[in-house]
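Raw input-v8.json, JSON, C-alpha atoms and all ligand atoms:
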```
[["chain", "number", "residue", "atom", "x", "y", "z"],
["Z", 52, "MET", "CA", 6.47, 1.15, 15.44],
["Z", 53, "ALA", "CA", 4.63, 2.83, 12.63],
["Z", 54, "LYS", "CA", 5.79, 2.11, 9.14],
["Z", 55, "SER", "CA", 7.81, 4.79, 7.43],
["Z", 56, "LYS", "CA", 6.43, 6.47, 4.36],
["Z", 57, "GLU", "CA", 8.98, 4.64, 2.22],
["Z", 58, "GLU", "CA", 7.93, 1.28, 3.63],
["Z", 59, "VAL", "CA", 4.28, 2.01, 2.99],
["Z", 60, "ILE", "CA", 5.03, 3.05, -0.60],
["Z", 61, "GLU", "CA", 7.16, -0.02, -1.21],
["Z", 62, "GLU", "CA", 4.49, -2.32, 0.20],
["Z", 63, "MET", "CA", 1.70, -0.66, -1.77],
["Z", 64, "GLN", "CA", 3.72, -0.78, -4.99],
["Z", 65, "LYS", "CA", 3.78, -4.56, -4.67],
["Z", 66, "VAL", "CA", 0.08, -4.77, -3.85],
["Z", 67, "VAL", "CA", -0.92, -2.50, -6.71],
["Z", 68, "GLU", "CA", 1.37, -4.25, -9.20],
["Z", 69, "GLN", "CA", -0.15, -7.57, -8.14],
["Z", 70, "MET", "CA", -3.64, -6.18, -8.79],
["Z", 71, "ARG", "CA", -2.54, -5.27, -12.30],
["Z", 72, "LEU", "CA", -1.10, -8.74, -12.92],
["Z", 73, "ASP", "CA", -4.25, -10.38, -11.53],
["Z", 74, "ASP", "CA", -6.42, -8.26, -13.83],
["Z", 75, "ILE", "CA", -4.35, -9.29, -16.84],
["Z", 76, "GLU", "CA", -4.58, -12.92, -15.79],
["Z", 77, "ASP", "CA", -8.37, -12.71, -15.41],
["Z", 78, "ASN", "CA", -8.80, -10.74, -18.59],
["Z", 79, "PRO", "CA", -5.74, -10.41, -20.87],
["Z", 80, "ASP", "CA", -7.57, -7.79, -22.96],
["Z", 81, "SER", "CA", -7.53, -5.40, -20.01],
["Z", 82, "ALA", "CA", -3.85, -4.67, -20.72],
["Z", 83, "ASN", "CA", -4.82, -3.28, -24.13],
["Z", 84, "GLU", "CA", -8.11, -1.60, -23.27],
["Z", 85, "TYR", "CA", -7.66, 2.03, -22.38],
["Z", 86, "PHE", "CA", -9.76, 4.48, -20.43],
["Z", 87, "GLN", "CA", -9.17, 8.03, -19.24],
["Z", 88, "CYS", "CA", -8.15, 8.13, -15.61],
["Z", 89, "ASP", "CA", -10.40, 10.39, -13.54],
["Z", 90, "ALA", "CA", -7.49, 11.51, -11.35],
["Z", 91, "CYS", "CA", -4.52, 12.23, -13.62],
["Z", 92, "GLY", "CA", -6.43, 12.50, -16.89],
["Z", 93, "GLN", "CA", -4.04, 10.17, -18.73],
["Z", 94, "GLU", "CA", -5.08, 7.34, -21.00],
["Z", 95, "ALA", "CA", -4.30, 4.18, -19.07],
["Z", 96, "PRO", "CA", -4.90, 0.44, -19.46],
["Z", 97, "LEU", "CA", -7.90, -0.99, -17.63],
["Z", 98, "ALA", "CA", -5.63, -3.58, -16.03],
["Z", 99, "GLY", "CA", -4.81, -2.52, -12.49],
["Z", 100, "SER", "CA", -7.36, 0.27, -12.48],
["Z", 101, "ILE", "CA", -9.89, 0.49, -9.68],
["Z", 102, "GLN", "CA", -13.32, 2.03, -9.45],
["Z", 103, "TYR", "CA", -13.66, 4.22, -6.35],
["Z", 104, "GLY", "CA", -17.26, 5.33, -6.14],
["Z", 105, "GLN", "CA", -17.90, 7.34, -9.29],
["Z", 106, "TYR", "CA", -14.23, 7.56, -10.25],
["Z", 107, "ARG", "CA", -12.03, 5.11, -12.11],
["Z", 108, "LEU", "CA", -8.34, 5.47, -11.35],
["Z", 109, "CYS", "CA", -5.37, 4.17, -13.32],
["Z", 110, "ASN", "CA", -2.82, 1.85, -11.74],
["Z", 111, "ASP", "CA", -0.46, 4.77, -10.93],
["Z", 112, "CYS", "CA", -3.21, 6.74, -9.24],
["Z", 113, "VAL", "CA", -4.44, 3.67, -7.37],
["Z", 114, "LEU", "CA", -0.97, 3.59, -5.84],
["Z", 115, "LEU", "CA", -1.24, 7.26, -4.89],
["Z", 116, "ALA", "CA", -4.70, 6.70, -3.47],
["Z", 117, "GLU", "CA", -3.77, 3.62, -1.44],
["Z", 118, "VAL", "CA", -0.59, 5.21, -0.08],
["Z", 119, "GLY", "CA", -2.57, 8.35, 0.77],
["Z", 120, "PHE", "CA", -5.24, 6.34, 2.60],
["Z", 121, "GLU", "CA", -2.60, 4.30, 4.44],
["Z", 122, "LEU", "CA", -0.69, 7.41, 5.52],
["Z", 123, "LYS", "CA", -4.00, 9.15, 6.29],
["Z", 124, "GLN", "CA", -3.15, 12.01, 3.95],
["Z", 125, "PHE", "CA", -6.78, 11.94, 3.00],
["Z", 126, "SER", "CA", -9.81, 9.84, 3.82],
["Z", 127, "ASP", "CA", -11.94, 10.38, 0.78],
["Z", 128, "ILE", "CA", -11.15, 9.71, -2.86],
["Z", 129, "GLN", "CA", -12.68, 13.10, -3.65],
["Z", 130, "GLU", "CA", -9.75, 14.75, -1.86],
["Z", 131, "LEU", "CA", -7.28, 12.98, -4.13],
["Z", 132, "ILE", "CA", -9.29, 13.95, -7.19],
["Z", 133, "ASP", "CA", -9.23, 17.58, -6.02],
["Z", 134, "LYS", "CA", -5.49, 17.40, -5.34],
["Z", 135, "MET", "CA", -4.93, 15.97, -8.80],
["Z", 136, "ASP", "CA", -6.69, 18.88, -10.47],
["Z", 137, "ASP", "CA", -3.39, 20.49, -11.46],
["Z", 138, "LYS", "CA", -2.06, 17.24, -12.76],
["Z", 139, "ARG", "CA", -5.10, 16.77, -14.97],
["Z", 140, "LEU", "CA", -4.55, 20.23, -16.38],
["Z", 141, "GLU", "CA", -0.94, 19.31, -17.01],
["Z", 142, "ALA", "CA", -2.04, 16.18, -18.83],
["Z", 143, "ASP", "CA", -4.35, 18.28, -20.99],
["Z", 144, "CYS", "CA", -1.50, 20.70, -21.68],
["Z", 145, "GLU", "CA", 0.80, 17.82, -22.48],
["Z", 146, "PHE", "CA", -1.71, 16.58, -25.01],
["Z", 147, "LEU", "CA", -1.94, 20.03, -26.57],
["Z", 148, "LYS", "CA", 1.84, 20.31, -26.67],
["Z", 149, "GLN", "CA", 2.09, 16.99, -28.44],
["Z", 150, "GLU", "CA", -0.52, 18.09, -30.94],
["Z", 151, "GLN", "CA", 1.44, 21.26, -31.56],
["Z", 152, "GLN", "CA", 4.67, 19.36, -31.99],
["Z", 153, "ARG", "CA", 3.00, 17.04, -34.42],
["Z", 154, "GLY", "CA", 1.81, 20.07, -36.33],
["Z", 155, "ILE", "CA", 5.31, 21.51, -36.42],
["Z", 156, "GLN", "CA", 6.74, 18.15, -37.37],
["Z", 157, "GLY", "CA", 4.24, 18.00, -40.21],
["Z", 158, "LEU", "CA", 5.46, 21.37, -41.49],
["Z", 159, "LEU", "CA", 9.08, 20.28, -41.24],
["Z", 160, "ASP", "CA", 8.33, 17.09, -43.14],
["Z", 161, "LYS", "CA", 6.73, 19.05, -45.92],
["Z", 162, "GLU", "CA", 9.72, 21.36, -46.11],
["Z", 163, "SER", "CA", 12.20, 18.52, -46.29],
["Z", 164, "LEU", "CA", 10.30, 17.23, -49.32],
["Z", 165, "ASN", "CA", 11.12, 20.40, -51.25],
["D", 201, "ZN", "ZN", -4.25, 8.18, -13.18]]
```
So, in terms of structure tokens, how does the structure I just supplied come out?
Ligand SMILES: [Zn+2]
Amino acid sequence: MAKSKEEVIEEMQKVVEQMRLDDIEDNPDSANEYFQCDACGQEAPLAGSIQYGQYRLCNDCVLLAEVGFELKQFSDIQELIDKMDDKRLEADCEFLKQEQQRGIQGLLDKESLN
């Protein structure tokens, strides 16, 4: 019987988490070294990330990729990258929103000083 989607996800979560732990064991600094994920666009620790061809994916996206490959949702990492386009935009927007909030917070702080 084929594994259900939930089973695949559960299994892959363990595998991917183990990769992250192995990375930290091999190189403890990798937990504190950040890079920008090519799929979701978020800053993520190097630990648990994987290089797929020209792309480096964060631990969360590695999970997405491996589950996707396992469930044959896609066969090429490029397809995931394309699918994640919106998410990357969201991440960029999130960053902008945070910047804006910081700006507003800065104004509020100044006002509370008066
Ligand atoms: Zn990612």
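Closest approach to Cys91 (chain Z) from the set Z:Leu158, Z:Val66, Z:Cys112, Z:Val118 is made by Z:Cys112, with distances taken over all atoms listed in the file.
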Residues within 6 Å of ligand ZN 201 (chain D), counting only C-alpha atoms and all ligand atoms, as a ChimeraX atom specification
/Z:88,90-91,93,108-109,111-112
Record the distance separating CA of Ala95 (chain Z) and CA of Ser81 (chain Z), expressed in Å with one decimal.
10.2 Å
Which residue gives the smallest distance to Glu94 (chain Z) among Z:Leu147, Z:Leu159, Z:Ile132, Z:Ala142, with all atoms listed in the file counted?
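Under the stated criterion, the closest residue is Z:Ala142.
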Report, in Å with one decimal, the straight-line distance from CA of Gln124 (chain Z) to CA of Gln105 (chain Z).
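So the answer is 20.4 Å.
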Please list as a ChimeraX atom specification every residue within 8 Å of Leu72 (chain Z), counting all atoms listed in the file and excluding residues in the same chain fewer than 4 positions away.
/Z:68,76,98-99
From CA of Pro96 (chain Z) to CA of Asp80 (chain Z) the spacing works out at 9.3 Å
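Remark: for Ser55 (chain Z), the closest of the candidate residues Z:Arg153, Z:Gly104, Z:Met135, Z:Leu122 is Z:Leu122 (distances computed over only C-alpha atoms).
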